[in-house]
Each structure stands twice: as structure tokens, then as C-alpha cells.
>>> print(open('model_5.cif').read())   # mmCIF, C-alpha atoms
data_data
#
loop_
_atom_site.group_PDB
_atom_site.id
_atom_site.type_symbol
_atom_site.label_atom_id
_atom_site.label_comp_id
_atom_site.auth_asym_id
_atom_site.auth_seq_id
_atom_site.Cartn_x
_atom_site.Cartn_y
_atom_site.Cartn_z
ATOM 1 C CA MET Q 1 -34.375 32.410 61.927
ATOM 2 C CA GLU Q 2 -34.023 35.014 59.238
ATOM 3 C CA ASP Q 3 -30.368 34.171 58.961
ATOM 4 C CA GLN Q 4 -31.154 30.502 58.274
ATOM 5 C CA GLU Q 5 -33.841 31.513 55.844
ATOM 6 C CA MET Q 6 -31.416 33.775 54.048
ATOM 7 C CA GLN Q 7 -28.826 31.016 53.879
ATOM 8 C CA LEU Q 8 -31.419 28.635 52.474
ATOM 9 C CA LYS Q 9 -32.386 31.158 49.784
ATOM 10 C CA VAL Q 10 -28.734 31.815 48.945
ATOM 11 C CA ARG Q 11 -28.095 28.094 48.735
ATOM 12 C CA ARG Q 12 -31.089 27.618 46.397
ATOM 13 C CA VAL Q 13 -29.954 30.465 44.180
ATOM 14 C CA SER Q 14 -26.425 29.119 44.189
ATOM 15 C CA ASP Q 15 -27.641 25.614 43.340
ATOM 16 C CA LYS Q 16 -29.848 26.934 40.514
ATOM 17 C CA PHE Q 17 -26.972 29.034 39.199
ATOM 18 C CA THR Q 18 -24.629 26.007 39.301
ATOM 19 C CA GLU Q 19 -27.219 23.878 37.548
ATOM 20 C CA SER Q 20 -27.690 26.535 34.866
ATOM 21 C CA MET Q 21 -23.938 26.786 34.297
ATOM 22 C CA TYR Q 22 -23.711 22.989 34.062
ATOM 23 C CA VAL Q 23 -26.505 22.914 31.480
ATOM 24 C CA LEU Q 24 -24.882 25.705 29.466
ATOM 25 C CA ALA Q 25 -21.468 24.045 29.565
ATOM 26 C CA ASN Q 26 -22.927 20.768 28.317
ATOM 27 C CA GLU Q 27 -25.350 22.179 25.796
ATOM 28 C CA PRO Q 28 -25.277 20.402 22.409
ATOM 29 C CA SER Q 29 -24.028 23.483 20.576
ATOM 30 C CA VAL Q 30 -21.029 23.640 22.915
ATOM 31 C CA ALA Q 31 -20.396 19.955 22.309
ATOM 32 C CA LEU Q 32 -20.582 20.526 18.568
ATOM 33 C CA TYR Q 33 -18.153 23.433 18.888
ATOM 34 C CA ARG Q 34 -15.696 21.223 20.771
ATOM 35 C CA LEU Q 35 -16.130 18.508 18.171
ATOM 36 C CA GLN Q 36 -15.460 21.045 15.431
ATOM 37 C CA GLU Q 37 -12.284 22.174 17.191
ATOM 38 C CA HIS Q 38 -11.102 18.596 17.474
ATOM 39 C CA VAL Q 39 -11.784 17.894 13.793
ATOM 40 C CA ARG Q 40 -10.078 21.126 12.742
ATOM 41 C CA ARG Q 41 -6.959 20.193 14.711
ATOM 42 C CA SER Q 42 -6.754 16.531 13.701
ATOM 43 C CA LEU Q 43 -7.974 16.652 10.086
ATOM 44 C CA PRO Q 44 -4.742 17.911 8.437
ATOM 45 C CA GLU Q 45 -2.769 15.105 10.048
ATOM 46 C CA LEU Q 46 -5.353 12.534 8.923
ATOM 47 C CA VAL Q 47 -5.253 13.893 5.371
ATOM 48 C CA GLN Q 48 -1.453 13.580 5.363
ATOM 49 C CA HIS Q 49 -1.677 9.990 6.600
ATOM 50 C CA LYS Q 50 -4.200 9.175 3.878
ATOM 51 C CA SER Q 51 -1.948 10.681 1.231
ATOM 52 C CA ASP Q 52 1.048 8.709 2.519
ATOM 53 C CA MET Q 53 -0.958 5.489 2.537
ATOM 54 C CA GLN Q 54 -2.127 6.033 -1.044
ATOM 55 C CA SER Q 55 1.453 6.663 -2.141
ATOM 56 C CA TRP Q 56 2.647 3.502 -0.405
ATOM 57 C CA GLU Q 57 -0.196 1.551 -1.968
ATOM 58 C CA GLU Q 58 0.804 2.731 -5.454
ATOM 59 C CA GLN Q 59 4.446 1.796 -4.815
ATOM 60 C CA SER Q 60 3.388 -1.596 -3.467
ATOM 61 C CA GLN Q 61 1.174 -2.271 -6.480
ATOM 62 C CA GLY Q 62 4.075 -1.404 -8.792
ATOM 63 C CA ALA Q 63 6.416 -3.726 -6.900
ATOM 64 C CA ILE Q 64 3.836 -6.531 -6.910
ATOM 65 C CA TYR Q 65 3.362 -6.141 -10.672
ATOM 66 C CA SER Q 66 7.137 -6.256 -11.213
ATOM 67 C CA VAL Q 67 7.513 -9.394 -9.108
ATOM 68 C CA GLU Q 68 4.613 -11.137 -10.859
ATOM 69 C CA TYR Q 69 6.048 -10.206 -14.262
ATOM 70 C CA ALA Q 70 9.488 -11.510 -13.260
ATOM 71 C CA CYS Q 71 7.962 -14.762 -11.968
ATOM 72 C CA SER Q 72 6.078 -15.312 -15.210
ATOM 73 C CA ALA Q 73 9.262 -14.611 -17.205
ATOM 74 C CA VAL Q 74 11.208 -17.160 -15.149
ATOM 75 C CA LYS Q 75 8.433 -19.736 -15.568
ATOM 76 C CA SER Q 76 8.376 -19.212 -19.321
ATOM 77 C CA MET Q 77 12.175 -19.548 -19.423
ATOM 78 C CA THR Q 78 12.049 -22.868 -17.590
ATOM 79 C CA ASN Q 79 9.347 -24.044 -19.971
ATOM 80 C CA SER Q 80 11.466 -23.047 -22.974
ATOM 81 C CA SER Q 81 14.416 -25.303 -22.032
ATOM 82 C CA LEU Q 82 12.813 -28.051 -24.095
ATOM 83 C CA TYR Q 83 12.886 -25.786 -27.169
ATOM 84 C CA PHE Q 84 16.535 -24.879 -26.578
ATOM 85 C CA LYS Q 85 17.450 -28.565 -26.322
ATOM 86 C CA ASN Q 86 15.605 -29.227 -29.564
ATOM 87 C CA ILE Q 87 17.430 -26.344 -31.274
ATOM 88 C CA ASP Q 88 20.771 -27.683 -29.958
ATOM 89 C CA SER Q 89 19.992 -31.134 -31.330
ATOM 90 C CA LEU Q 90 19.000 -29.757 -34.744
ATOM 91 C CA LEU Q 91 22.147 -27.607 -34.932
ATOM 92 C CA ARG Q 92 24.332 -30.610 -34.086
ATOM 93 C CA GLN Q 93 22.561 -32.636 -36.789
ATOM 94 C CA ALA Q 94 23.050 -29.817 -39.290
ATOM 95 C CA ILE Q 95 26.773 -29.618 -38.478
ATOM 96 C CA SER Q 96 27.088 -33.368 -38.780
ATOM 97 C CA MET Q 97 25.347 -33.357 -42.165
ATOM 98 C CA LYS Q 98 27.528 -30.485 -43.366
ATOM 99 C CA GLU Q 99 30.643 -32.413 -42.329
ATOM 100 C CA GLN Q 100 29.374 -35.519 -44.134
ATOM 101 C CA ILE Q 101 28.619 -33.557 -47.294
ATOM 102 C CA SER Q 102 31.981 -31.810 -47.146
ATOM 103 C CA SER Q 103 33.900 -35.068 -46.592
ATOM 104 C CA SER Q 104 32.020 -36.859 -49.393
ATOM 105 C CA GLN Q 105 32.845 -34.063 -51.834
ATOM 106 C CA GLY Q 106 36.453 -33.961 -50.711
ATOM 107 C CA GLN Q 107 36.288 -30.356 -49.583
ATOM 108 C CA PRO Q 108 38.002 -29.124 -46.452
ATOM 109 C CA ASN Q 109 35.729 -28.637 -43.476
ATOM 110 C CA ASN Q 110 35.225 -24.891 -42.993
ATOM 111 C CA CYS Q 111 32.208 -25.204 -40.753
ATOM 112 C CA LYS Q 112 33.113 -23.694 -37.399
ATOM 113 C CA ILE Q 113 30.058 -23.109 -35.245
ATOM 114 C CA PHE Q 114 30.335 -22.835 -31.523
ATOM 115 C CA ILE Q 115 27.298 -23.682 -29.469
ATOM 116 C CA LEU Q 116 27.213 -22.372 -25.958
ATOM 117 C CA LEU Q 117 24.508 -23.710 -23.753
#
>>> encode(input="model_5.cif", output="C-alpha cells")
Amino acid sequence: MEDQEMQLKVRRVSDKFTESMYVLANEPSVALYRLQEHVRRSLPELVQHKSDMQSWEEQSQGAIYSVEYACSAVKSMTNSSLYFKNIDSLLRQAISMKEQISSSQGQPNNCKIFILL
């Protein structure tokens, strides 16, 4: 009987000891320590990723600005074709008038203007 009693007491002590170890292992301060370790290990990598992303964002913004500027330049060029046609017409009229004036005065025609459009 004493042997069973002793085993029961040993089992209770063992169970209490196991329970105490479990509580200590899962205590909030231990959890915070583990969390701190995790943050300490992963933070430098996260900071590097953030830096890379910011750099890529700046490059992307620069490229977007360049593309938008180029698009607006092309649009303004297409809108200016009307002005170039008007200038061409006025230059042709001016050459024609110069030729008329030169021929009416009997002077040789020295007006040589090349228009490339």
C-alpha cells in the first residue's frame, strides 16, 4: 500500500512540476521574448524590401511622367498640323506674289525657296 501511495505522490509531484514548466514556457514574457527575436531577425530584410519598393516607385513615377509628357507633345504636334498647312499656304502665296512682281518688273526670278513638308 505504501508503494502505491508513494507512486501516487510521485505522480502528483511530477504532474505539478510538468504543469509548472508548461506555464513557465508559455508565460507572456517568454512569448514577448520570442516575438522580439522574430522581429530582430526579420526586420532588416523588411527594411531592405521597403527601400527597394520606394526606389522602384520613384523610377516608376519618373517613367510615368516621361510618358505623359511625350504623349502631350505628340498630341500638340498633331494639333499643330493645321498651323503648318497654313504656313505652307502663306509661303506659296508669297512666292507666287514675288514671281508676279518680278515678272511684271522684268527682273529675273531669283527667288529659290524650298519647302519641305
>>> atom_distance(input="model_5.cif", atom1="CA of His38 (chain Q)", atom2="CA of Ala25 (chain Q)")
16.8 Å
>>> atom_distance(input="model_5.cif", atom1="CA of Val74 (chain Q)", atom2="CA of Ser55 (chain Q)")
28.8 Å
>>> atom_distance(input="model_5.cif", atom1="CA of Gln61 (chain Q)", atom2="CA of Ser42 (chain Q)")
28.7 Å
>>> axis_aligned_box(input="model_5.cif", around="region 35-49 of chain Q", padding_each_side="4 Å", output="AutoDock Vina command-line options")
--center_x -8.8 --center_y 16.1 --center_z 11.8 --size_x 22.7 --size_y 20.2 --size_z 20.8
